>>> print(open('protein.pdb').read())   # PDB, C-alpha atoms
ATOM      1  CA  MET I   1       0.000   0.000   0.000  1.00  0.00           C
ATOM      2  CA  LEU I   2       1.176   3.505  -0.802  1.00  0.00           C
ATOM      3  CA  GLN I   3       2.436   5.762   1.946  1.00  0.00           C
ATOM      4  CA  VAL I   4       0.402   8.925   1.372  1.00  0.00           C
ATOM      5  CA  GLN I   5       0.673  12.032   3.527  1.00  0.00           C
ATOM      6  CA  THR I   6      -1.729  14.957   3.756  1.00  0.00           C
ATOM      7  CA  ILE I   7      -0.345  18.469   3.314  1.00  0.00           C
ATOM      8  CA  PRO I   8      -3.062  21.064   4.076  1.00  0.00           C
ATOM      9  CA  SER I   9      -2.881  24.046   1.749  1.00  0.00           C
ATOM     10  CA  ARG I  10      -4.713  27.352   1.382  1.00  0.00           C
ATOM     11  CA  GLN I  11      -8.169  27.360   2.947  1.00  0.00           C
ATOM     12  CA  ASP I  12      -9.420  23.903   2.002  1.00  0.00           C
ATOM     13  CA  ASN I  13      -6.925  22.322  -0.425  1.00  0.00           C
ATOM     14  CA  TYR I  14      -4.963  19.156   0.123  1.00  0.00           C
ATOM     15  CA  ILE I  15      -1.613  18.463  -1.503  1.00  0.00           C
ATOM     16  CA  TRP I  16      -0.878  14.746  -1.419  1.00  0.00           C
ATOM     17  CA  LEU I  17       2.649  13.459  -0.850  1.00  0.00           C
ATOM     18  CA  ILE I  18       3.482   9.899  -1.870  1.00  0.00           C
ATOM     19  CA  LYS I  19       6.533   8.695   0.052  1.00  0.00           C
ATOM     20  CA  GLN I  20       8.691   5.807  -1.117  1.00  0.00           C
ATOM     21  CA  GLY I  21      11.923   5.474   0.809  1.00  0.00           C
ATOM     22  CA  ASN I  22      13.644   8.852   0.652  1.00  0.00           C
ATOM     23  CA  GLN I  23      11.808   9.817  -2.538  1.00  0.00           C
ATOM     24  CA  ALA I  24       8.566  11.763  -2.836  1.00  0.00           C
ATOM     25  CA  ILE I  25       5.889  12.499  -5.421  1.00  0.00           C
ATOM     26  CA  VAL I  26       3.510  15.385  -4.767  1.00  0.00           C
ATOM     27  CA  VAL I  27       0.085  15.849  -6.305  1.00  0.00           C
ATOM     28  CA  ASP I  28      -1.373  19.251  -7.244  1.00  0.00           C
ATOM     29  CA  PRO I  29       0.965  21.582  -5.328  1.00  0.00           C
ATOM     30  CA  GLY I  30      -1.045  24.798  -5.240  1.00  0.00           C
ATOM     31  CA  GLU I  31       1.692  26.350  -3.131  1.00  0.00           C
ATOM     32  CA  SER I  32       5.275  25.416  -2.476  1.00  0.00           C
ATOM     33  CA  ALA I  33       6.026  26.414   1.128  1.00  0.00           C
ATOM     34  CA  PRO I  34       4.243  23.564   2.966  1.00  0.00           C
ATOM     35  CA  VAL I  35       5.643  21.028   0.502  1.00  0.00           C
ATOM     36  CA  ILE I  36       9.205  22.281   0.950  1.00  0.00           C
ATOM     37  CA  GLU I  37       8.800  22.211   4.725  1.00  0.00           C
ATOM     38  CA  ARG I  38       7.554  18.619   4.662  1.00  0.00           C
ATOM     39  CA  LEU I  39      10.326  17.480   2.322  1.00  0.00           C
ATOM     40  CA  ARG I  40      12.987  19.047   4.499  1.00  0.00           C
ATOM     41  CA  GLN I  41      11.495  17.710   7.730  1.00  0.00           C
ATOM     42  CA  GLN I  42      11.747  14.175   6.404  1.00  0.00           C
ATOM     43  CA  SER I  43      14.901  14.593   4.269  1.00  0.00           C
ATOM     44  CA  LEU I  44      13.018  13.627   1.115  1.00  0.00           C
ATOM     45  CA  ASN I  45      13.991  14.220  -2.490  1.00  0.00           C
ATOM     46  CA  LEU I  46      11.200  15.405  -4.787  1.00  0.00           C
ATOM     47  CA  LYS I  47      11.191  12.972  -7.691  1.00  0.00           C
ATOM     48  CA  ALA I  48       7.975  13.937  -9.480  1.00  0.00           C
ATOM     49  CA  ILE I  49       4.949  16.222  -9.487  1.00  0.00           C
ATOM     50  CA  PHE I  50       1.519  15.051 -10.635  1.00  0.00           C
ATOM     51  CA  VAL I  51      -0.825  17.792 -11.867  1.00  0.00           C
ATOM     52  CA  THR I  52      -4.477  17.078 -12.634  1.00  0.00           C
ATOM     53  CA  HIS I  53      -5.429  20.394 -14.280  1.00  0.00           C
ATOM     54  CA  HIS I  54      -4.370  23.976 -14.777  1.00  0.00           C
ATOM     55  CA  HIS I  55      -6.229  25.884 -12.026  1.00  0.00           C
ATOM     56  CA  HIS I  56      -3.936  28.051  -9.934  1.00  0.00           C
ATOM     57  CA  ASP I  57      -4.729  26.328  -6.639  1.00  0.00           C
ATOM     58  CA  HIS I  58      -3.238  23.164  -8.153  1.00  0.00           C
ATOM     59  CA  VAL I  59      -0.149  24.521  -9.936  1.00  0.00           C
ATOM     60  CA  ASP I  60       1.029  27.735  -8.247  1.00  0.00           C
ATOM     61  CA  GLY I  61       3.738  25.915  -6.287  1.00  0.00           C
ATOM     62  CA  VAL I  62       5.250  24.100  -9.260  1.00  0.00           C
ATOM     63  CA  ALA I  63       7.733  26.751 -10.380  1.00  0.00           C
ATOM     64  CA  GLU I  64       9.389  27.182  -6.975  1.00  0.00           C
ATOM     65  CA  LEU I  65       9.531  23.432  -6.409  1.00  0.00           C
ATOM     66  CA  LEU I  66      11.269  22.984  -9.766  1.00  0.00           C
ATOM     67  CA  ALA I  67      13.728  25.736  -8.881  1.00  0.00           C
ATOM     68  CA  LEU I  68      14.736  23.786  -5.771  1.00  0.00           C
ATOM     69  CA  TYR I  69      14.474  20.327  -7.364  1.00  0.00           C
ATOM     70  CA  PRO I  70      15.406  20.842 -11.034  1.00  0.00           C
ATOM     71  CA  GLN I  71      15.690  17.094 -11.729  1.00  0.00           C
ATOM     72  CA  CYS I  72      12.045  16.616 -10.790  1.00  0.00           C
ATOM     73  CA  THR I  73       9.661  15.613 -13.603  1.00  0.00           C
ATOM     74  CA  VAL I  74       6.167  17.079 -13.923  1.00  0.00           C
ATOM     75  CA  TYR I  75       3.367  14.912 -15.292  1.00  0.00           C
ATOM     76  CA  GLY I  76       0.235  16.742 -16.392  1.00  0.00           C
ATOM     77  CA  PRO I  77      -2.148  17.530 -19.247  1.00  0.00           C
ATOM     78  CA  GLN I  78      -0.929  19.558 -22.182  1.00  0.00           C
ATOM     79  CA  ILE I  79      -2.320  22.992 -21.311  1.00  0.00           C
ATOM     80  CA  THR I  80      -1.387  22.808 -17.641  1.00  0.00           C
ATOM     81  CA  LEU I  81       1.913  24.686 -17.717  1.00  0.00           C
ATOM     82  CA  THR I  82       3.846  26.717 -20.245  1.00  0.00           C
ATOM     83  CA  ASP I  83       7.625  26.965 -20.619  1.00  0.00           C
ATOM     84  CA  VAL I  84       8.287  24.055 -18.259  1.00  0.00           C
ATOM     85  CA  PRO I  85      10.847  21.736 -19.871  1.00  0.00           C
ATOM     86  CA  GLN I  86      10.303  19.179 -17.111  1.00  0.00           C
ATOM     87  CA  LEU I  87       6.663  18.689 -18.160  1.00  0.00           C
ATOM     88  CA  GLN I  88       5.745  15.351 -19.671  1.00  0.00           C
ATOM     89  CA  THR I  89       2.346  15.658 -21.327  1.00  0.00           C
ATOM     90  CA  MET I  90      -0.040  12.923 -20.262  1.00  0.00           C
ATOM     91  CA  ARG I  91      -2.900  11.463 -22.264  1.00  0.00           C
ATOM     92  CA  ASP I  92      -5.563   8.886 -21.555  1.00  0.00           C
ATOM     93  CA  GLN I  93      -4.208   5.443 -20.641  1.00  0.00           C
ATOM     94  CA  ASP I  94      -0.598   6.634 -20.404  1.00  0.00           C
ATOM     95  CA  LEU I  95       1.527   4.783 -17.867  1.00  0.00           C
ATOM     96  CA  ILE I  96       3.994   6.459 -15.524  1.00  0.00           C
ATOM     97  CA  ASN I  97       6.665   4.028 -14.413  1.00  0.00           C
ATOM     98  CA  PHE I  98       9.167   4.527 -11.608  1.00  0.00           C
ATOM     99  CA  PRO I  99      11.198   1.273 -11.752  1.00  0.00           C
ATOM    100  CA  ASP I 100      13.537   2.377  -8.975  1.00  0.00           C
ATOM    101  CA  LEU I 101      10.555   2.950  -6.677  1.00  0.00           C
ATOM    102  CA  ASP I 102       8.578  -0.078  -7.868  1.00  0.00           C
ATOM    103  CA  LEU I 103       5.634   2.230  -8.645  1.00  0.00           C
ATOM    104  CA  THR I 104       3.410   2.498 -11.710  1.00  0.00           C
ATOM    105  CA  PHE I 105       0.460   4.826 -12.226  1.00  0.00           C
ATOM    106  CA  THR I 106      -2.149   4.933 -14.970  1.00  0.00           C
ATOM    107  CA  VAL I 107      -3.472   8.231 -16.301  1.00  0.00           C
ATOM    108  CA  TRP I 108      -7.129   8.664 -17.220  1.00  0.00           C
ATOM    109  CA  HIS I 109      -8.536  11.666 -19.025  1.00  0.00           C
ATOM    110  CA  THR I 110     -11.583  12.776 -17.010  1.00  0.00           C
ATOM    111  CA  PRO I 111     -13.007  15.931 -18.619  1.00  0.00           C
ATOM    112  CA  GLY I 112     -15.830  17.802 -16.947  1.00  0.00           C
ATOM    113  CA  HIS I 113     -14.425  20.179 -14.352  1.00  0.00           C
ATOM    114  CA  THR I 114     -12.037  21.289 -17.085  1.00  0.00           C
ATOM    115  CA  ALA I 115     -11.652  19.941 -20.584  1.00  0.00           C
ATOM    116  CA  GLU I 116      -8.101  18.667 -19.986  1.00  0.00           C
ATOM    117  CA  HIS I 117      -8.499  17.218 -16.472  1.00  0.00           C
ATOM    118  CA  ILE I 118      -6.681  13.954 -15.775  1.00  0.00           C
ATOM    119  CA  VAL I 119      -6.440  11.618 -12.791  1.00  0.00           C
ATOM    120  CA  PHE I 120      -3.736   9.221 -11.625  1.00  0.00           C
ATOM    121  CA  HIS I 121      -4.430   5.791 -10.200  1.00  0.00           C
ATOM    122  CA  GLY I 122      -2.360   2.865  -9.086  1.00  0.00           C
ATOM    123  CA  HIS I 123      -1.559   0.670  -6.100  1.00  0.00           C
ATOM    124  CA  GLY I 124      -5.110   0.944  -4.791  1.00  0.00           C
ATOM    125  CA  ALA I 125      -5.174   4.747  -4.824  1.00  0.00           C
ATOM    126  CA  LEU I 126      -6.880   7.379  -6.978  1.00  0.00           C
ATOM    127  CA  PHE I 127      -5.629  10.968  -7.105  1.00  0.00           C
ATOM    128  CA  CYS I 128      -8.600  12.671  -8.697  1.00  0.00           C
ATOM    129  CA  GLY I 129      -8.070  16.430  -8.338  1.00  0.00           C
ATOM    130  CA  ASP I 130     -11.396  18.182  -8.813  1.00  0.00           C
ATOM    131  CA  THR I 131     -13.238  15.480 -10.749  1.00  0.00           C
ATOM    132  CA  LEU I 132     -14.514  13.426  -7.823  1.00  0.00           C
ATOM    133  CA  PHE I 133     -14.914  14.790  -4.308  1.00  0.00           C
ATOM    134  CA  SER I 134     -16.086  12.910  -1.268  1.00  0.00           C
ATOM    135  CA  GLY I 135     -19.832  13.367  -1.526  1.00  0.00           C
ATOM    136  CA  GLY I 136     -19.563  15.516  -4.641  1.00  0.00           C
ATOM    137  CA  CYS I 137     -17.835  16.441  -7.872  1.00  0.00           C
ATOM    138  CA  GLY I 138     -16.202  19.510  -9.361  1.00  0.00           C
ATOM    139  CA  ARG I 139     -18.056  22.409 -10.926  1.00  0.00           C
ATOM    140  CA  LEU I 140     -18.242  22.466 -14.698  1.00  0.00           C
ATOM    141  CA  PHE I 141     -15.921  25.079 -16.153  1.00  0.00           C
ATOM    142  CA  SER I 142     -14.506  24.204 -19.574  1.00  0.00           C
ATOM    143  CA  GLY I 143     -16.072  20.737 -19.584  1.00  0.00           C
ATOM    144  CA  THR I 144     -19.679  19.627 -20.019  1.00  0.00           C
ATOM    145  CA  ALA I 145     -22.206  17.776 -17.880  1.00  0.00           C
ATOM    146  CA  GLU I 146     -22.102  14.823 -20.265  1.00  0.00           C
ATOM    147  CA  GLN I 147     -18.319  14.635 -20.036  1.00  0.00           C
ATOM    148  CA  MET I 148     -18.370  14.811 -16.243  1.00  0.00           C
ATOM    149  CA  TYR I 149     -21.070  12.173 -15.985  1.00  0.00           C
ATOM    150  CA  HIS I 150     -19.028   9.734 -18.071  1.00  0.00           C
ATOM    151  CA  SER I 151     -15.826  10.604 -16.186  1.00  0.00           C
ATOM    152  CA  LEU I 152     -17.502   9.853 -12.855  1.00  0.00           C
ATOM    153  CA  GLN I 153     -18.955   6.605 -14.141  1.00  0.00           C
ATOM    154  CA  ARG I 154     -15.476   5.588 -15.229  1.00  0.00           C
ATOM    155  CA  LEU I 155     -14.032   6.296 -11.798  1.00  0.00           C
ATOM    156  CA  ALA I 156     -16.897   4.378 -10.213  1.00  0.00           C
ATOM    157  CA  SER I 157     -15.748   1.310 -12.156  1.00  0.00           C
ATOM    158  CA  LEU I 158     -12.570   1.087 -10.073  1.00  0.00           C
ATOM    159  CA  PRO I 159     -12.476  -1.500  -7.262  1.00  0.00           C
ATOM    160  CA  GLU I 160     -14.608  -0.432  -4.316  1.00  0.00           C
ATOM    161  CA  ASP I 161     -11.663  -0.479  -1.907  1.00  0.00           C
ATOM    162  CA  THR I 162      -9.739   2.040  -4.030  1.00  0.00           C
ATOM    163  CA  LEU I 163      -8.693   4.936  -1.800  1.00  0.00           C
ATOM    164  CA  VAL I 164      -9.945   8.272  -3.148  1.00  0.00           C
ATOM    165  CA  TYR I 165      -7.712  11.338  -2.704  1.00  0.00           C
ATOM    166  CA  PRO I 166      -9.494  14.488  -3.925  1.00  0.00           C
ATOM    167  CA  ALA I 167      -7.875  17.907  -3.733  1.00  0.00           C
ATOM    168  CA  HIS I 168     -10.354  19.644  -1.409  1.00  0.00           C
ATOM    169  CA  GLU I 169     -11.940  19.285   2.017  1.00  0.00           C
ATOM    170  CA  TYR I 170     -15.554  19.689   0.916  1.00  0.00           C
ATOM    171  CA  THR I 171     -16.964  16.500   2.407  1.00  0.00           C
ATOM    172  CA  TYR I 172     -19.371  17.838   5.034  1.00  0.00           C
ATOM    173  CA  ASN I 173     -21.028  20.391   2.760  1.00  0.00           C
ATOM    174  CA  ASN I 174     -21.223  17.869  -0.063  1.00  0.00           C
ATOM    175  CA  LEU I 175     -22.899  15.268   2.130  1.00  0.00           C
ATOM    176  CA  SER I 176     -25.386  17.861   3.363  1.00  0.00           C
ATOM    177  CA  TYR I 177     -26.498  18.226  -0.244  1.00  0.00           C
ATOM    178  CA  CYS I 178     -26.592  14.460  -0.696  1.00  0.00           C
ATOM    179  CA  LEU I 179     -28.974  14.233   2.251  1.00  0.00           C
ATOM    180  CA  GLN I 180     -31.297  16.728   0.579  1.00  0.00           C
ATOM    181  CA  ALA I 181     -31.510  14.392  -2.387  1.00  0.00           C
ATOM    182  CA  GLU I 182     -31.679  11.179  -0.339  1.00  0.00           C
ATOM    183  CA  PRO I 183     -32.879  12.021   3.187  1.00  0.00           C
ATOM    184  CA  ASP I 184     -33.547   8.344   3.921  1.00  0.00           C
ATOM    185  CA  ASN I 185     -30.116   7.087   2.879  1.00  0.00           C
ATOM    186  CA  VAL I 186     -28.983   5.427   6.105  1.00  0.00           C
ATOM    187  CA  PHE I 187     -25.397   5.168   4.904  1.00  0.00           C
ATOM    188  CA  THR I 188     -25.193   8.906   4.183  1.00  0.00           C
ATOM    189  CA  ILE I 189     -26.695   9.738   7.581  1.00  0.00           C
ATOM    190  CA  LYS I 190     -24.044   7.611   9.266  1.00  0.00           C
ATOM    191  CA  ARG I 191     -21.285   9.011   7.077  1.00  0.00           C
ATOM    192  CA  ILE I 192     -22.102  12.668   7.758  1.00  0.00           C
ATOM    193  CA  LYS I 193     -22.031  11.998  11.497  1.00  0.00           C
ATOM    194  CA  GLU I 194     -18.568  10.483  11.163  1.00  0.00           C
ATOM    195  CA  VAL I 195     -17.402  13.379   8.993  1.00  0.00           C
ATOM    196  CA  SER I 196     -18.809  15.965  11.396  1.00  0.00           C
ATOM    197  CA  LYS I 197     -16.871  14.413  14.261  1.00  0.00           C
ATOM    198  CA  LEU I 198     -13.650  14.418  12.239  1.00  0.00           C
ATOM    199  CA  ARG I 199     -14.051  18.083  11.330  1.00  0.00           C
ATOM    200  CA  GLN I 200     -14.778  19.031  14.948  1.00  0.00           C
ATOM    201  CA  GLN I 201     -11.430  17.424  15.744  1.00  0.00           C
ATOM    202  CA  ARG I 202      -9.869  19.312  12.790  1.00  0.00           C
ATOM    203  CA  CYS I 203      -8.968  16.026  11.107  1.00  0.00           C
ATOM    204  CA  PRO I 204      -9.148  15.371   7.359  1.00  0.00           C
ATOM    205  CA  THR I 205     -12.164  13.432   6.120  1.00  0.00           C
ATOM    206  CA  LEU I 206     -10.039  11.959   3.339  1.00  0.00           C
ATOM    207  CA  PRO I 207      -9.202   9.593   1.821  1.00  0.00           C
ATOM    208  CA  SER I 208     -12.585   8.139   1.007  1.00  0.00           C
ATOM    209  CA  THR I 209     -13.126   4.985  -1.035  1.00  0.00           C
ATOM    210  CA  ILE I 210     -14.950   4.241  -4.260  1.00  0.00           C
ATOM    211  CA  GLY I 211     -17.309   2.027  -2.261  1.00  0.00           C
ATOM    212  CA  ILE I 212     -18.177   4.834   0.157  1.00  0.00           C
ATOM    213  CA  GLU I 213     -18.793   7.221  -2.721  1.00  0.00           C
ATOM    214  CA  LYS I 214     -21.082   4.781  -4.537  1.00  0.00           C
ATOM    215  CA  GLN I 215     -23.178   4.478  -1.392  1.00  0.00           C
ATOM    216  CA  SER I 216     -23.403   8.154  -0.486  1.00  0.00           C
ATOM    217  CA  ASN I 217     -22.328  10.478  -3.318  1.00  0.00           C
ATOM    218  CA  VAL I 218     -25.461  11.616  -5.135  1.00  0.00           C
ATOM    219  CA  PHE I 219     -23.489  12.321  -8.325  1.00  0.00           C
ATOM    220  CA  LEU I 220     -22.666   8.613  -8.542  1.00  0.00           C
ATOM    221  CA  ARG I 221     -26.268   7.652  -7.763  1.00  0.00           C
ATOM    222  CA  THR I 222     -28.178   9.094 -10.707  1.00  0.00           C
ATOM    223  CA  HIS I 223     -29.551   5.588 -11.329  1.00  0.00           C
ATOM    224  CA  MET I 224     -31.439   5.635  -8.031  1.00  0.00           C
ATOM    225  CA  PRO I 225     -35.197   6.402  -8.309  1.00  0.00           C
ATOM    226  CA  SER I 226     -35.145   8.733  -5.295  1.00  0.00           C
ATOM    227  CA  VAL I 227     -32.328  10.782  -6.832  1.00  0.00           C
ATOM    228  CA  ALA I 228     -34.173  10.962 -10.155  1.00  0.00           C
ATOM    229  CA  VAL I 229     -37.309  12.238  -8.359  1.00  0.00           C
ATOM    230  CA  PHE I 230     -35.266  14.873  -6.498  1.00  0.00           C
ATOM    231  CA  ALA I 231     -33.732  16.088  -9.767  1.00  0.00           C
ATOM    232  CA  GLN I 232     -37.063  16.027 -11.594  1.00  0.00           C
ATOM    233  CA  ASN I 233     -38.671  18.130  -8.873  1.00  0.00           C
ATOM    234  CA  SER I 234     -35.904  20.678  -9.416  1.00  0.00           C
ATOM    235  CA  SER I 235     -36.429  20.923 -13.172  1.00  0.00           C
ATOM    236  CA  GLU I 236     -39.170  22.381 -15.341  1.00  0.00           C
ATOM    237  CA  LEU I 237     -38.288  19.923 -18.109  1.00  0.00           C
ATOM    238  CA  TYR I 238     -38.852  16.187 -18.243  1.00  0.00           C
ATOM    239  CA  LEU I 239     -35.561  14.424 -17.530  1.00  0.00           C
ATOM    240  CA  GLU I 240     -35.096  11.529 -19.927  1.00  0.00           C
ATOM    241  CA  ASN I 241     -31.773  10.024 -18.842  1.00  0.00           C
ATOM    242  CA  GLU I 242     -29.077   9.963 -16.193  1.00  0.00           C
ATOM    243  CA  ILE I 243     -26.975  12.619 -17.903  1.00  0.00           C
ATOM    244  CA  GLN I 244     -29.856  15.077 -17.653  1.00  0.00           C
ATOM    245  CA  ILE I 245     -30.411  14.059 -14.036  1.00  0.00           C
ATOM    246  CA  PHE I 246     -26.731  14.667 -13.344  1.00  0.00           C
ATOM    247  CA  ALA I 247     -26.842  18.090 -15.028  1.00  0.00           C
ATOM    248  CA  ILE I 248     -29.756  19.207 -12.847  1.00  0.00           C
ATOM    249  CA  LEU I 249     -28.059  17.912  -9.705  1.00  0.00           C
ATOM    250  CA  ARG I 250     -24.907  19.841 -10.536  1.00  0.00           C
ATOM    251  CA  GLU I 251     -26.802  23.022 -11.419  1.00  0.00           C
ATOM    252  CA  LYS I 252     -28.816  22.879  -8.188  1.00  0.00           C
ATOM    253  CA  LYS I 253     -25.645  22.371  -6.163  1.00  0.00           C
ATOM    254  CA  ASN I 254     -24.109  25.422  -7.856  1.00  0.00           C
ATOM    255  CA  ASN I 255     -26.931  27.615  -6.607  1.00  0.00           C
ATOM    256  CA  LEU I 256     -26.784  26.606  -2.951  1.00  0.00           C
TER     257      LEU I 256
END
>>> encode(input="protein.pdb", output="structure tokens")
Amino acid sequence: MLQVQTIPSRQDNYIWLIKQGNQAIVVDPGESAPVIERLRQQSLNLKAIFVTHHHHDHVDGVAELLALYPQCTVYGPQITLTDVPQLQTMRDQDLINFPDLDLTFTVWHTPGHTAEHIVFHGHGALFCGDTLFSGGCGRLFSGTAEQMYHSLQRLASLPEDTLVYPAHEYTYNNLSYCLQAEPDNVFTIKRIKEVSKLRQQRCPTLPSTIGIEKQSNVFLRTHMPSVAVFAQNSSELYLENEIQIFAILREKKNNL
């Protein structure tokens, strides 16, 4: 199992640090200072940076990290960074191999939040940026509802014990919305109590798992009749399929 550390960043971001021996990989470094501090505390060398998409709260720390660790390689989608010679452009189904660390990750293109968004998965872990959140999903910026729906369905196909590492601490608010859609979902009721206790203790609610998300995350439950009714009651149009249900769910969440 991967050794993954949480690095809190900004107001509600998480930078993930994968530790293997004295080597480290960081995911979506929206700022450099907390990453540098963690690396120095543990005498780690920064081997690689994974970037899921171009938003500033995911990439603003890259330049300073590369200045300190120039041999580090950045793996991200094509439009993520400009003038970064260390960037290796990733496309769907690309493999990232680290033979010296005995690690391999697969890249999936998951458009929706942004058109170029990618995720990294391997060794029972999913680093999903702003595509999948615990209890939610990212807003639609340069992607479409149809793209996001299919991206989420693809992630839901991963083994249920896959650990889910999103980039934000949004779990409690997301689950509050899920309870609006499914007030009788016993699993969600139990989950939000657990999450509330963790937040009171100022502990992260992440990682989640694919199994947890399939049981509680309304955006992965568009096939459920109760969710369809909730979406239909929020729309003036007749909803004919799950993509339309998803689009209404996302639009309603935007307006809360």
>>> residues_around(input="protein.pdb", residues="Ser234 (chain I)", least_positions_apart="2", cutoff="12 Å", atoms="only C-alpha atoms", output="PyMOL selection string")
chain I and resi 180-181+227-232+236-239+244-253+255
>>> closest_residue(input="protein.pdb", among="I:Trp108, I:Phe219, I:Phe133, I:Phe127", to="Thr171 (chain I)", atoms="only C-alpha atoms")
I:Phe133
>>> atom_distance(input="protein.pdb", atom1="CA of Asp184 (chain I)", atom2="CA of Asn233 (chain I)")
16.9 Å
>>> resolve_selection(input="protein.pdb", expression="the PyMOL selection byres ((chain I and resi 153) around 12)", output="ChimeraX atom specification")
/I:110-112,131-132,137,146-152,154-158,210,213-214,217,219-223,242-243,246
>>> atom_distance(input="protein.pdb", atom1="CA of Gln201 (chain I)", atom2="CA of Val186 (chain I)")
23.3 Å
>>> closest_atom_pairs(input="protein.pdb", of="region 77-110 of chain I", to="region 20-42 of chain I", cutoff="12 Å", atoms="all atoms listed in the file", output="tab-separated table")
residue	atom	partner	partner_atom	distance
I:Thr80	CA	I:Asp28	CA	11.0
I:Ile96	CA	I:Ile25	CA	11.9
I:Phe98	CA	I:Gln20	CA	10.6
I:Pro99	CA	I:Gln20	CA	11.8
I:Asp100	CA	I:Gln20	CA	9.8
I:Leu101	CA	I:Gln20	CA	6.5
I:Asp102	CA	I:Gln20	CA	9.0
I:Leu103	CA	I:Gln20	CA	8.9
I:Phe105	CA	I:Ile25	CA	11.6
>>> write_last_selection(input="protein.pdb", atoms="C-alpha atoms", output="mmCIF file, in the frame of the given file")
data_model
loop_
_atom_site.group_PDB
_atom_site.id
_atom_site.type_symbol
_atom_site.label_atom_id
_atom_site.label_comp_id
_atom_site.auth_asym_id
_atom_site.auth_seq_id
_atom_site.Cartn_x
_atom_site.Cartn_y
_atom_site.Cartn_z
ATOM 1 C CA THR I 80 -1.387 22.808 -17.641
ATOM 2 C CA ILE I 96 3.994 6.459 -15.524
ATOM 3 C CA PHE I 98 9.167 4.527 -11.608
ATOM 4 C CA PRO I 99 11.198 1.273 -11.752
ATOM 5 C CA ASP I 100 13.537 2.377 -8.975
ATOM 6 C CA LEU I 101 10.555 2.950 -6.677
ATOM 7 C CA ASP I 102 8.578 -0.078 -7.868
ATOM 8 C CA LEU I 103 5.634 2.230 -8.645
ATOM 9 C CA PHE I 105 0.460 4.826 -12.226
#
>>> atom_distance(input="protein.pdb", atom1="CA of Val84 (chain I)", atom2="CA of Ala63 (chain I)")
8.3 Å
>>> residues_around(input="protein.pdb", residues="His58 (chain I)", least_positions_apart="5", cutoff="12 Å", atoms="all atoms listed in the file", output="PyMOL selection string")
chain I and resi 9-10+12-16+26-32+49-53+63+76+80-81+117+128-130+166-168
>>> resolve_selection(input="protein.pdb", expression="the PyMOL selection byres ((chain I and resi 85) around 12)", output="PyMOL selection string")
chain I and resi 63+66+70-75+81-84+86-89
>>> resolve_selection(input="protein.pdb", expression="the PyMOL selection byres ((chain I and resi 209) around 10)", output="PDB file with C-alpha atoms, in the coordinates of the input")
ATOM      1  CA  GLY I 124      -5.110   0.944  -4.791  1.00  0.00           C
ATOM      2  CA  ALA I 125      -5.174   4.747  -4.824  1.00  0.00           C
ATOM      3  CA  LEU I 126      -6.880   7.379  -6.978  1.00  0.00           C
ATOM      4  CA  SER I 134     -16.086  12.910  -1.268  1.00  0.00           C
ATOM      5  CA  ALA I 156     -16.897   4.378 -10.213  1.00  0.00           C
ATOM      6  CA  LEU I 158     -12.570   1.087 -10.073  1.00  0.00           C
ATOM      7  CA  PRO I 159     -12.476  -1.500  -7.262  1.00  0.00           C
ATOM      8  CA  GLU I 160     -14.608  -0.432  -4.316  1.00  0.00           C
ATOM      9  CA  ASP I 161     -11.663  -0.479  -1.907  1.00  0.00           C
ATOM     10  CA  THR I 162      -9.739   2.040  -4.030  1.00  0.00           C
ATOM     11  CA  LEU I 163      -8.693   4.936  -1.800  1.00  0.00           C
ATOM     12  CA  VAL I 164      -9.945   8.272  -3.148  1.00  0.00           C
ATOM     13  CA  TYR I 165      -7.712  11.338  -2.704  1.00  0.00           C
ATOM     14  CA  LEU I 206     -10.039  11.959   3.339  1.00  0.00           C
ATOM     15  CA  PRO I 207      -9.202   9.593   1.821  1.00  0.00           C
ATOM     16  CA  SER I 208     -12.585   8.139   1.007  1.00  0.00           C
ATOM     17  CA  ILE I 210     -14.950   4.241  -4.260  1.00  0.00           C
ATOM     18  CA  GLY I 211     -17.309   2.027  -2.261  1.00  0.00           C
ATOM     19  CA  ILE I 212     -18.177   4.834   0.157  1.00  0.00           C
ATOM     20  CA  GLU I 213     -18.793   7.221  -2.721  1.00  0.00           C
ATOM     21  CA  LYS I 214     -21.082   4.781  -4.537  1.00  0.00           C
TER      22      LYS I 214
END
>>> closest_residue(input="protein.pdb", among="I:Gln78, I:Thr188, I:Ser142, I:Asn97", to="Thr114 (chain I)", atoms="only C-alpha atoms")
I:Ser142
>>> closest_residue(input="protein.pdb", among="I:Pro77, I:Arg199, I:Val107, I:Lys19", to="His54 (chain I)", atoms="only C-alpha atoms")
I:Pro77
>>> axis_aligned_box(input="protein.pdb", around="region 169-186 of chain I", padding_each_side="4 Å", output="JSON")
{"center_x": -22.7, "center_y": 12.9, "center_z": 1.9, "size_x": 29.6, "size_y": 23.0, "size_z": 16.5}
